[in-house]
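Q: Before we start, here is the structure in question, set down as structure tokens.
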Amino acid sequence: MKAAGTQAETAPRTTARAQPGFLGGAVAIAAKDLRSELRTKEALNASLAFSVVILLLFSFAFDPTAEETRALAGGLLWLVFAFAGALILNRSFARELPNDCLDALIAAPISAPALYLGKAVANWLLLMAVELVSLVVFGIFYNAPWTRRFWPLVGVIALGTWALTVVGTLFSALTVNLRLRELMLPLLVYPVLIPALLAAVQLSGPLALGEPLASDMMVWLRLLAGVDLIFTALALTLAETALVG
Amino acid sequence: MREKTLIAFCTVAAILLAYNLYVMLLVLPDEVSQGPIFRIIFFHVPSAWTAFLGFLAAAVASVLYLVRKDLRYDAFAVAVTEVGLAFAAVTLVTGMIWARIIWGIWWTWDPRLTSMLVCWLLYAGYLMLRHAVEEPTQRARIAAVFSIFASVDVPIVFFSIRWWRTQHPQPVVWGGGSMDPAYWNTLFLNWIPLLLLGAAMAGIRLRQERRQRELEALRRMAHAL
């Protein structure tokens with residue numbers, strides 16, 4: 001990356017545009033990813049359909065109206081989100097494989113952490129959209145008054161989804177060239193994410209049923225935020241190694 | 001590791017194990033509340049320590065690989081991870097046998113059991129990831145990044161699941177559990193042969209890794225000819 005960067009800086013500018021900074025580069029990558037996804041809707045449609053199917057399957061596994069099933073709401077939601085997330089994350093770097101787009105991206109004059117962050121933000125936005133639609137379906141199928149605590153619930157989901165995407169995007173970059181890529185990614189991501197998923201499940205359960213959070217739940221919120229911070233820092237540090245080598 | 005060192009490690013481990021088994025089975029009395037089955041702790045706890053030592057060594061070796069790009073560190077990382085995984089399996093299995101007798105069930109979703117299983121799955125994933133990559137330097141890089149992630153994750157897993165629920169007897173170290181000094185001595189004394197055994201196993205695996213590399217180099221040479 002460094003070599004590419006300095007080369008581009010010393011080369012005569014052919015366009016009037018300035019070099020993108022860290023955030024500029026990340027925003028450009030995120031915008032590119034979102035634009036290409038919104039035009040093809042490849043991963044988005046598959047992920048949405050998949051979440052609805054899983055929500056449907058759960059209604060056969062448990063009696064959807066029973067009180068005990070309502071207690072499972074948090075776990076049910078996050079299983080759906082984790083499965084839907086794997087589909088989107090798998091496509092994130094695999095999309096760049098045809099025509100050697102990934103090599104072009106790596107050669108582009110932005111740093112590897114910026115490239116990684118842009119991809120992660122795009123995945124996060126896509127996954128949040130899928131999750132919000134799944135929530136609506138969940139509310140209808142399982143008769144859950146999830147809108148009653150709308151903003152706290154969205155906040156928890158945003159934090160949990162960030163943990164999923166920050167780890168998933170890095171591992172997606174790692175596994176992009178592997179055979180069995182589609183299988184390896186969930187296999188590696190889910191065990192690493194267990195603390196984050198555990199916290200998110202604990203917090204989402206009552207919120208999805210419209211109940212307030214008990215005061216002893218704050219420990220889970222802190223854990224979730226802490227995991228987000230640690231994984232973001234670690235992933236940004238390792239992004240260069242994961243993408244370039 | 002040289003052949004002689006390996007043999008020496010294994011011999012000392014065998015002698016110590018024989019002595020420890022004699023002490024455990026014939027000298028030490030049964031524990032008051034648990035009866036004879038409590039003796040499994042002499043293998044259960046030191047195996048867990050050995051496993052974590054292995055994972056810690058793997059994390060250090062992975063960082064060193066990324067810094068120095070020397071494939072020997074990668075070979076070391078995979079050797080100690082495999083040995084750590086084996087000892088983690090010993091911990092899980094001995095724990096399950098103990099639980100069957102004391103609790104009457106093979107498995108319960110207690111934090112320590114769950115964390116150890118998550119830990120085992122993490123590093124099993126590491127080995128599977130290695131199998132999926134052909135090219136040695138690419139494999140080393142990808143595996144090192146994952147190993148660092150896993151090692152950062154392990155303490156978080158342990159704390160988070162501990163908050164979740166608990167049933168495991170209080171850990172004997174830093175946990176408020178108590179044990180007779182005679183048991184303590186045997187526990188530590190039994191850690192030494194397990195460590196030696198682990199080191200010997202890692203040494204053998206390391207040699208195998210080196211020969212594998214030599215073999216690949218020869219194969220490439222043959223192809224070039």
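Residues are named by chain letter and number: chains run A, B, ... in the order of the structure tokens, numbers start at 1 in each chain, and ligands are numbered from 1 in the order shown.
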Compile the residues of chain B that lie within 10 Å of chain A, evaluated using only C-alpha atoms, and express the compilation as a ChimeraX atom specification.

A: /B:66,69,115,117-126,128-129,131-134,137-139,141-146,148-161,163-164

Q: List the neighbours of stretch 84-87 of chain B out to 7 Å using only C-alpha atoms; skip same-chain residues closer than 2 positions along the sequence, and give me the result as a ChimeraX atom specification.

A: /B:47-48,50-52,54-55,80-82,89-91,120,123

Q: If you keep N, CA and C atoms, can you produce a file of those selected residues as a PDB file, in the first residue's frame?

A:
```
ATOM      1  N   SER B  47      -4.043 -29.917  32.781  1.00  0.00           N
ATOM      2  CA  SER B  47      -4.271 -29.958  31.329  1.00  0.00           C
ATOM      3  C   SER B  47      -4.784 -28.615  30.846  1.00  0.00           C
ATOM      4  N   ALA B  48      -5.713 -28.029  31.623  1.00  0.00           N
ATOM      5  CA  ALA B  48      -6.247 -26.720  31.241  1.00  0.00           C
ATOM      6  C   ALA B  48      -5.123 -25.689  31.221  1.00  0.00           C
ATOM      7  N   THR B  50      -1.924 -26.220  30.767  1.00  0.00           N
ATOM      8  CA  THR B  50      -1.048 -26.500  29.619  1.00  0.00           C
ATOM      9  C   THR B  50      -1.692 -25.997  28.330  1.00  0.00           C
ATOM     10  N   ALA B  51      -3.010 -26.228  28.189  1.00  0.00           N
ATOM     11  CA  ALA B  51      -3.702 -25.788  26.972  1.00  0.00           C
ATOM     12  C   ALA B  51      -3.582 -24.276  26.821  1.00  0.00           C
ATOM     13  N   PHE B  52      -3.838 -23.540  27.914  1.00  0.00           N
ATOM     14  CA  PHE B  52      -3.793 -22.074  27.803  1.00  0.00           C
ATOM     15  C   PHE B  52      -2.380 -21.578  27.555  1.00  0.00           C
ATOM     16  N   GLY B  54      -0.243 -23.177  25.807  1.00  0.00           N
ATOM     17  CA  GLY B  54      -0.066 -23.432  24.374  1.00  0.00           C
ATOM     18  C   GLY B  54      -0.695 -22.331  23.529  1.00  0.00           C
ATOM     19  N   PHE B  55      -1.937 -21.930  23.884  1.00  0.00           N
ATOM     20  CA  PHE B  55      -2.614 -20.896  23.103  1.00  0.00           C
ATOM     21  C   PHE B  55      -1.891 -19.557  23.234  1.00  0.00           C
ATOM     22  N   VAL B  80       2.171 -25.568  18.660  1.00  0.00           N
ATOM     23  CA  VAL B  80       1.661 -25.378  20.026  1.00  0.00           C
ATOM     24  C   VAL B  80       0.131 -25.284  20.042  1.00  0.00           C
ATOM     25  N   THR B  81      -0.476 -24.802  18.937  1.00  0.00           N
ATOM     26  CA  THR B  81      -1.939 -24.766  18.914  1.00  0.00           C
ATOM     27  C   THR B  81      -2.500 -26.181  18.912  1.00  0.00           C
ATOM     28  N   GLU B  82      -1.890 -27.049  18.123  1.00  0.00           N
ATOM     29  CA  GLU B  82      -2.389 -28.432  18.078  1.00  0.00           C
ATOM     30  C   GLU B  82      -2.249 -29.116  19.431  1.00  0.00           C
ATOM     31  N   ALA B  89      -8.910 -30.659  24.944  1.00  0.00           N
ATOM     32  CA  ALA B  89      -9.833 -31.800  24.817  1.00  0.00           C
ATOM     33  C   ALA B  89      -9.749 -32.683  26.055  1.00  0.00           C
ATOM     34  N   VAL B  90      -8.520 -32.886  26.574  1.00  0.00           N
ATOM     35  CA  VAL B  90      -8.361 -33.679  27.802  1.00  0.00           C
ATOM     36  C   VAL B  90      -9.129 -33.009  28.941  1.00  0.00           C
ATOM     37  N   THR B  91      -9.003 -31.678  29.049  1.00  0.00           N
ATOM     38  CA  THR B  91      -9.717 -30.944  30.096  1.00  0.00           C
ATOM     39  C   THR B  91     -11.223 -31.167  29.969  1.00  0.00           C
ATOM     40  N   TRP B 120     -12.124 -24.197  22.502  1.00  0.00           N
ATOM     41  CA  TRP B 120     -11.757 -25.363  21.698  1.00  0.00           C
ATOM     42  C   TRP B 120     -12.214 -25.157  20.259  1.00  0.00           C
ATOM     43  N   TYR B 123      -9.994 -22.617  18.275  1.00  0.00           N
ATOM     44  CA  TYR B 123      -8.713 -23.111  17.772  1.00  0.00           C
ATOM     45  C   TYR B 123      -8.895 -24.280  16.804  1.00  0.00           C
TER      46      TYR B 123
END
```

Q: Might you pull out every residue within 9 Å of B:Glu209, with only C-alpha atoms counted and same-chain residues fewer than 3 positions away left off, and present them as a ChimeraX atom specification?

A: /B:72,75-76,78-79,204-206,212-214

Q: Could you please take those selected residues and save C-alpha atoms as an mmCIF file, in the first residue's frame?

A:
```
data_model
loop_
_atom_site.group_PDB
_atom_site.id
_atom_site.type_symbol
_atom_site.label_atom_id
_atom_site.label_comp_id
_atom_site.auth_asym_id
_atom_site.auth_seq_id
_atom_site.Cartn_x
_atom_site.Cartn_y
_atom_site.Cartn_z
ATOM 1 C CA ARG B 72 9.559 -20.968 11.530
ATOM 2 C CA ALA B 75 5.421 -23.715 12.299
ATOM 3 C CA PHE B 76 5.823 -23.078 16.024
ATOM 4 C CA VAL B 78 0.641 -24.448 14.572
ATOM 5 C CA ALA B 79 2.603 -26.966 16.688
ATOM 6 C CA ILE B 204 7.774 -33.620 17.173
ATOM 7 C CA ARG B 205 5.136 -31.572 15.345
ATOM 8 C CA LEU B 206 7.678 -28.840 14.695
ATOM 9 C CA GLN B 212 7.073 -30.806 5.158
ATOM 10 C CA ARG B 213 8.641 -27.509 4.063
ATOM 11 C CA GLU B 214 11.781 -29.248 2.869
#
```

Q: Have a look at atom CA of A:Asp63 and atom CA of A:Thr147 and let me know their distance in Å, one decimal.

A: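 Atom-to-atom, atom CA of A:Asp63 and atom CA of A:Thr147 are spaced 22.3 Å apart.
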
Q: Select, from A:Lys41, A:Leu203, A:Ala225, A:Lys32, the residue with the minimum atom-to-atom distance to A:Leu105, counting only C-alpha atoms.

A: A:Lys32

Q: Using only C-alpha atoms, which residue out of B:Arg68, B:Ala88, B:Val60, B:Ser33 lies closest to B:Ile102?

A: B:Ser33

Q: Just how far from atom CA of B:Leu25 is atom CA of B:Phe38, in Å to one decimal?

A: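 Interatomic distance, atom CA of B:Phe38 to atom CA of B:Leu25: 11.0 Å.
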
Q: Can you pull out every residue within 10 Å of stretch 77-89 of chain A, counting only C-alpha atoms, but drop anything in the same chain fewer than 5 positions away, and send it as number ranges by chain?

A: A: 37, 42-55, 58, 72, 94, 119-120, 123-124, 126-128, 130-132, 134-135, 138, 157, 160-161, 164-173, 182-183, 185-187, 189-190, 193, 197-198, 200-201, 204-205, 208

Q: For atom CA of B:Leu113 and atom CA of B:Leu92, determine how far apart the two atoms are, in Å to one decimal place.

A: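 Interatomic distance here is 7.4 Å.
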
Q: Could you write out, as a CSV table (one decimal) with C-alpha atoms, in the first residue's frame, all the residues of chain B that DSSP marks as helix (DSSP H, G or I)?

A:
```csv
chain,number,residue,atom,x,y,z
B,3,GLU,CA,16.1,-36.4,19.2
B,4,LYS,CA,17.9,-36.8,22.5
B,5,THR,CA,16.1,-33.9,24.1
B,6,LEU,CA,12.8,-35.3,23.0
B,7,ILE,CA,13.6,-38.7,24.5
B,8,ALA,CA,14.9,-37.1,27.7
B,9,PHE,CA,11.6,-35.1,28.0
B,10,CYS,CA,9.5,-38.2,27.5
B,11,THR,CA,11.5,-40.3,29.9
B,12,VAL,CA,11.4,-37.7,32.7
B,13,ALA,CA,7.6,-37.3,32.1
B,14,ALA,CA,7.1,-41.0,32.2
B,15,ILE,CA,9.0,-41.4,35.5
B,16,LEU,CA,7.2,-38.4,37.1
B,17,LEU,CA,3.8,-39.7,35.9
B,18,ALA,CA,4.5,-43.1,37.4
B,19,TYR,CA,5.5,-41.6,40.7
B,20,ASN,CA,2.4,-39.2,40.7
B,21,LEU,CA,0.0,-42.0,39.9
B,22,TYR,CA,1.5,-44.0,42.8
B,23,VAL,CA,0.9,-41.0,45.1
B,24,MET,CA,-2.6,-40.3,43.8
B,25,LEU,CA,-3.9,-43.8,43.9
B,26,LEU,CA,-2.1,-45.3,46.9
B,27,VAL,CA,-0.9,-42.5,49.2
B,36,PRO,CA,-12.3,-41.4,44.8
B,37,ILE,CA,-13.4,-39.5,41.6
B,38,PHE,CA,-11.8,-36.2,42.9
B,39,ARG,CA,-8.4,-37.6,41.7
B,40,ILE,CA,-9.4,-36.5,38.2
B,41,ILE,CA,-8.5,-32.9,39.2
B,42,PHE,CA,-4.8,-33.8,39.0
B,43,PHE,CA,-5.2,-34.2,35.3
B,44,HIS,CA,-8.1,-31.9,34.6
B,45,VAL,CA,-6.6,-28.7,36.0
B,46,PRO,CA,-3.0,-29.0,34.8
B,47,SER,CA,-4.3,-30.0,31.3
B,48,ALA,CA,-6.2,-26.7,31.2
B,49,TRP,CA,-3.1,-24.7,32.3
B,50,THR,CA,-1.0,-26.5,29.6
B,51,ALA,CA,-3.7,-25.8,27.0
B,52,PHE,CA,-3.8,-22.1,27.8
B,53,LEU,CA,0.0,-21.9,27.9
B,54,GLY,CA,-0.1,-23.4,24.4
B,55,PHE,CA,-2.6,-20.9,23.1
B,56,LEU,CA,-0.6,-18.0,24.7
B,57,ALA,CA,2.6,-19.3,23.0
B,58,ALA,CA,0.6,-19.5,19.7
B,59,ALA,CA,-0.5,-15.9,20.0
B,60,VAL,CA,3.1,-14.7,20.7
B,61,ALA,CA,4.4,-16.8,17.8
B,62,SER,CA,1.7,-15.4,15.5
B,63,VAL,CA,2.6,-11.8,16.3
B,64,LEU,CA,6.3,-12.7,15.8
B,65,TYR,CA,5.5,-14.2,12.4
B,66,LEU,CA,3.7,-11.0,11.3
B,67,VAL,CA,6.6,-8.9,12.4
B,68,ARG,CA,9.5,-11.0,11.1
B,71,LEU,CA,7.9,-19.3,8.5
B,72,ARG,CA,9.6,-21.0,11.5
B,73,TYR,CA,7.3,-18.9,13.8
B,74,ASP,CA,4.3,-20.1,11.8
B,75,ALA,CA,5.4,-23.7,12.3
B,76,PHE,CA,5.8,-23.1,16.0
B,77,ALA,CA,2.4,-21.5,16.2
B,78,VAL,CA,0.6,-24.4,14.6
B,79,ALA,CA,2.6,-27.0,16.7
B,80,VAL,CA,1.7,-25.4,20.0
B,81,THR,CA,-1.9,-24.8,18.9
B,82,GLU,CA,-2.4,-28.4,18.1
B,83,VAL,CA,-0.9,-29.5,21.4
B,84,GLY,CA,-3.0,-26.9,23.2
B,85,LEU,CA,-6.1,-28.2,21.5
B,86,ALA,CA,-5.3,-31.8,22.6
B,87,PHE,CA,-4.9,-30.7,26.2
B,88,ALA,CA,-8.1,-28.6,26.0
B,89,ALA,CA,-9.8,-31.8,24.8
B,90,VAL,CA,-8.4,-33.7,27.8
B,91,THR,CA,-9.7,-30.9,30.1
B,92,LEU,CA,-13.2,-31.2,28.5
B,93,VAL,CA,-13.3,-35.0,28.6
B,94,THR,CA,-12.0,-35.4,32.2
B,95,GLY,CA,-14.4,-32.7,33.3
B,96,MET,CA,-17.3,-34.5,31.6
B,97,ILE,CA,-16.4,-37.7,33.3
B,98,TRP,CA,-16.2,-36.0,36.7
B,99,ALA,CA,-19.5,-34.2,36.1
B,100,ARG,CA,-21.3,-37.5,35.2
B,101,ILE,CA,-20.3,-38.9,38.6
B,102,ILE,CA,-20.8,-35.8,40.8
B,111,PRO,CA,-19.7,-20.8,32.2
B,112,ARG,CA,-16.4,-22.6,32.5
B,113,LEU,CA,-17.6,-25.6,30.5
B,114,THR,CA,-19.1,-23.3,27.8
B,115,SER,CA,-16.0,-21.1,27.7
B,116,MET,CA,-13.7,-24.0,27.3
B,117,LEU,CA,-15.8,-25.4,24.5
B,118,VAL,CA,-15.9,-22.0,22.7
B,119,CYS,CA,-12.1,-21.9,23.2
B,120,TRP,CA,-11.8,-25.4,21.7
B,121,LEU,CA,-14.0,-24.4,18.8
B,122,LEU,CA,-12.0,-21.2,18.1
B,123,TYR,CA,-8.7,-23.1,17.8
B,124,ALA,CA,-10.3,-26.0,15.9
B,125,GLY,CA,-11.4,-23.3,13.5
B,126,TYR,CA,-7.8,-22.1,13.3
B,127,LEU,CA,-6.7,-25.6,12.2
B,128,MET,CA,-9.5,-25.9,9.7
B,129,LEU,CA,-8.6,-22.5,8.3
B,130,ARG,CA,-5.1,-23.7,7.7
B,131,HIS,CA,-6.3,-26.7,5.9
B,132,ALA,CA,-8.2,-24.5,3.5
B,136,PRO,CA,2.5,-21.5,2.7
B,137,THR,CA,3.1,-17.8,3.2
B,138,GLN,CA,-0.6,-17.0,2.5
B,139,ARG,CA,-1.6,-19.7,5.0
B,140,ALA,CA,0.8,-18.4,7.6
B,141,ARG,CA,-0.4,-14.8,7.3
B,142,ILE,CA,-4.1,-15.7,7.4
B,143,ALA,CA,-3.7,-18.1,10.3
B,144,ALA,CA,-1.6,-15.6,12.2
B,145,VAL,CA,-4.3,-12.9,11.9
B,146,PHE,CA,-7.0,-15.3,13.0
B,147,SER,CA,-4.8,-16.6,15.9
B,148,ILE,CA,-4.3,-13.1,17.2
B,149,PHE,CA,-8.1,-12.4,17.0
B,150,ALA,CA,-8.8,-15.7,18.8
B,151,SER,CA,-6.3,-15.0,21.6
B,152,VAL,CA,-7.9,-11.5,22.2
B,153,ASP,CA,-11.3,-13.1,22.2
B,154,VAL,CA,-10.5,-15.9,24.8
B,155,PRO,CA,-10.4,-13.6,27.9
B,156,ILE,CA,-13.6,-11.8,26.8
B,157,VAL,CA,-15.3,-15.1,26.3
B,158,PHE,CA,-14.4,-16.2,29.8
B,159,PHE,CA,-15.5,-13.0,31.5
B,160,SER,CA,-18.7,-12.6,29.5
B,161,ILE,CA,-19.9,-16.2,30.1
B,162,ARG,CA,-18.9,-16.0,33.7
B,163,TRP,CA,-21.3,-13.1,34.1
B,164,TRP,CA,-23.9,-15.1,32.4
B,181,PRO,CA,-1.8,-28.7,50.8
B,182,ALA,CA,-1.0,-32.4,50.1
B,183,TYR,CA,-3.4,-32.2,47.1
B,184,TRP,CA,-1.8,-29.0,46.0
B,185,ASN,CA,1.6,-30.5,45.8
B,186,THR,CA,0.4,-33.4,43.7
B,187,LEU,CA,-1.5,-31.0,41.5
B,188,PHE,CA,1.6,-29.0,40.7
B,189,LEU,CA,3.8,-32.0,40.6
B,190,ASN,CA,1.6,-33.5,38.0
B,191,TRP,CA,1.7,-30.3,35.9
B,192,ILE,CA,5.4,-30.9,35.2
B,193,PRO,CA,5.1,-34.2,33.3
B,194,LEU,CA,2.1,-32.9,31.4
B,195,LEU,CA,4.2,-29.8,30.4
B,196,LEU,CA,7.1,-32.0,29.4
B,197,LEU,CA,4.8,-34.2,27.4
B,198,GLY,CA,3.3,-31.1,25.7
B,199,ALA,CA,6.7,-29.8,24.9
B,200,ALA,CA,7.8,-33.1,23.4
B,201,MET,CA,4.6,-33.3,21.3
B,202,ALA,CA,5.1,-29.7,20.0
B,203,GLY,CA,8.8,-30.6,19.3
B,204,ILE,CA,7.8,-33.6,17.2
B,205,ARG,CA,5.1,-31.6,15.3
B,206,LEU,CA,7.7,-28.8,14.7
B,207,ARG,CA,10.1,-31.3,13.1
B,208,GLN,CA,7.3,-32.7,11.0
B,209,GLU,CA,6.4,-29.1,9.8
B,210,ARG,CA,10.1,-28.5,8.9
B,211,ARG,CA,10.3,-31.7,6.9
B,212,GLN,CA,7.1,-30.8,5.2
B,213,ARG,CA,8.6,-27.5,4.1
B,214,GLU,CA,11.8,-29.2,2.9
B,215,LEU,CA,9.6,-31.7,0.9
B,216,GLU,CA,7.7,-28.9,-0.7
B,217,ALA,CA,10.9,-27.1,-1.7
B,218,LEU,CA,12.3,-30.3,-3.2
B,219,ARG,CA,9.0,-30.8,-5.1
B,220,ARG,CA,9.2,-27.3,-6.5
B,221,MET,CA,12.8,-28.0,-7.6
B,222,ALA,CA,11.8,-31.2,-9.3
B,223,HIS,CA,9.0,-29.2,-11.1
B,224,ALA,CA,11.5,-26.6,-12.2
```
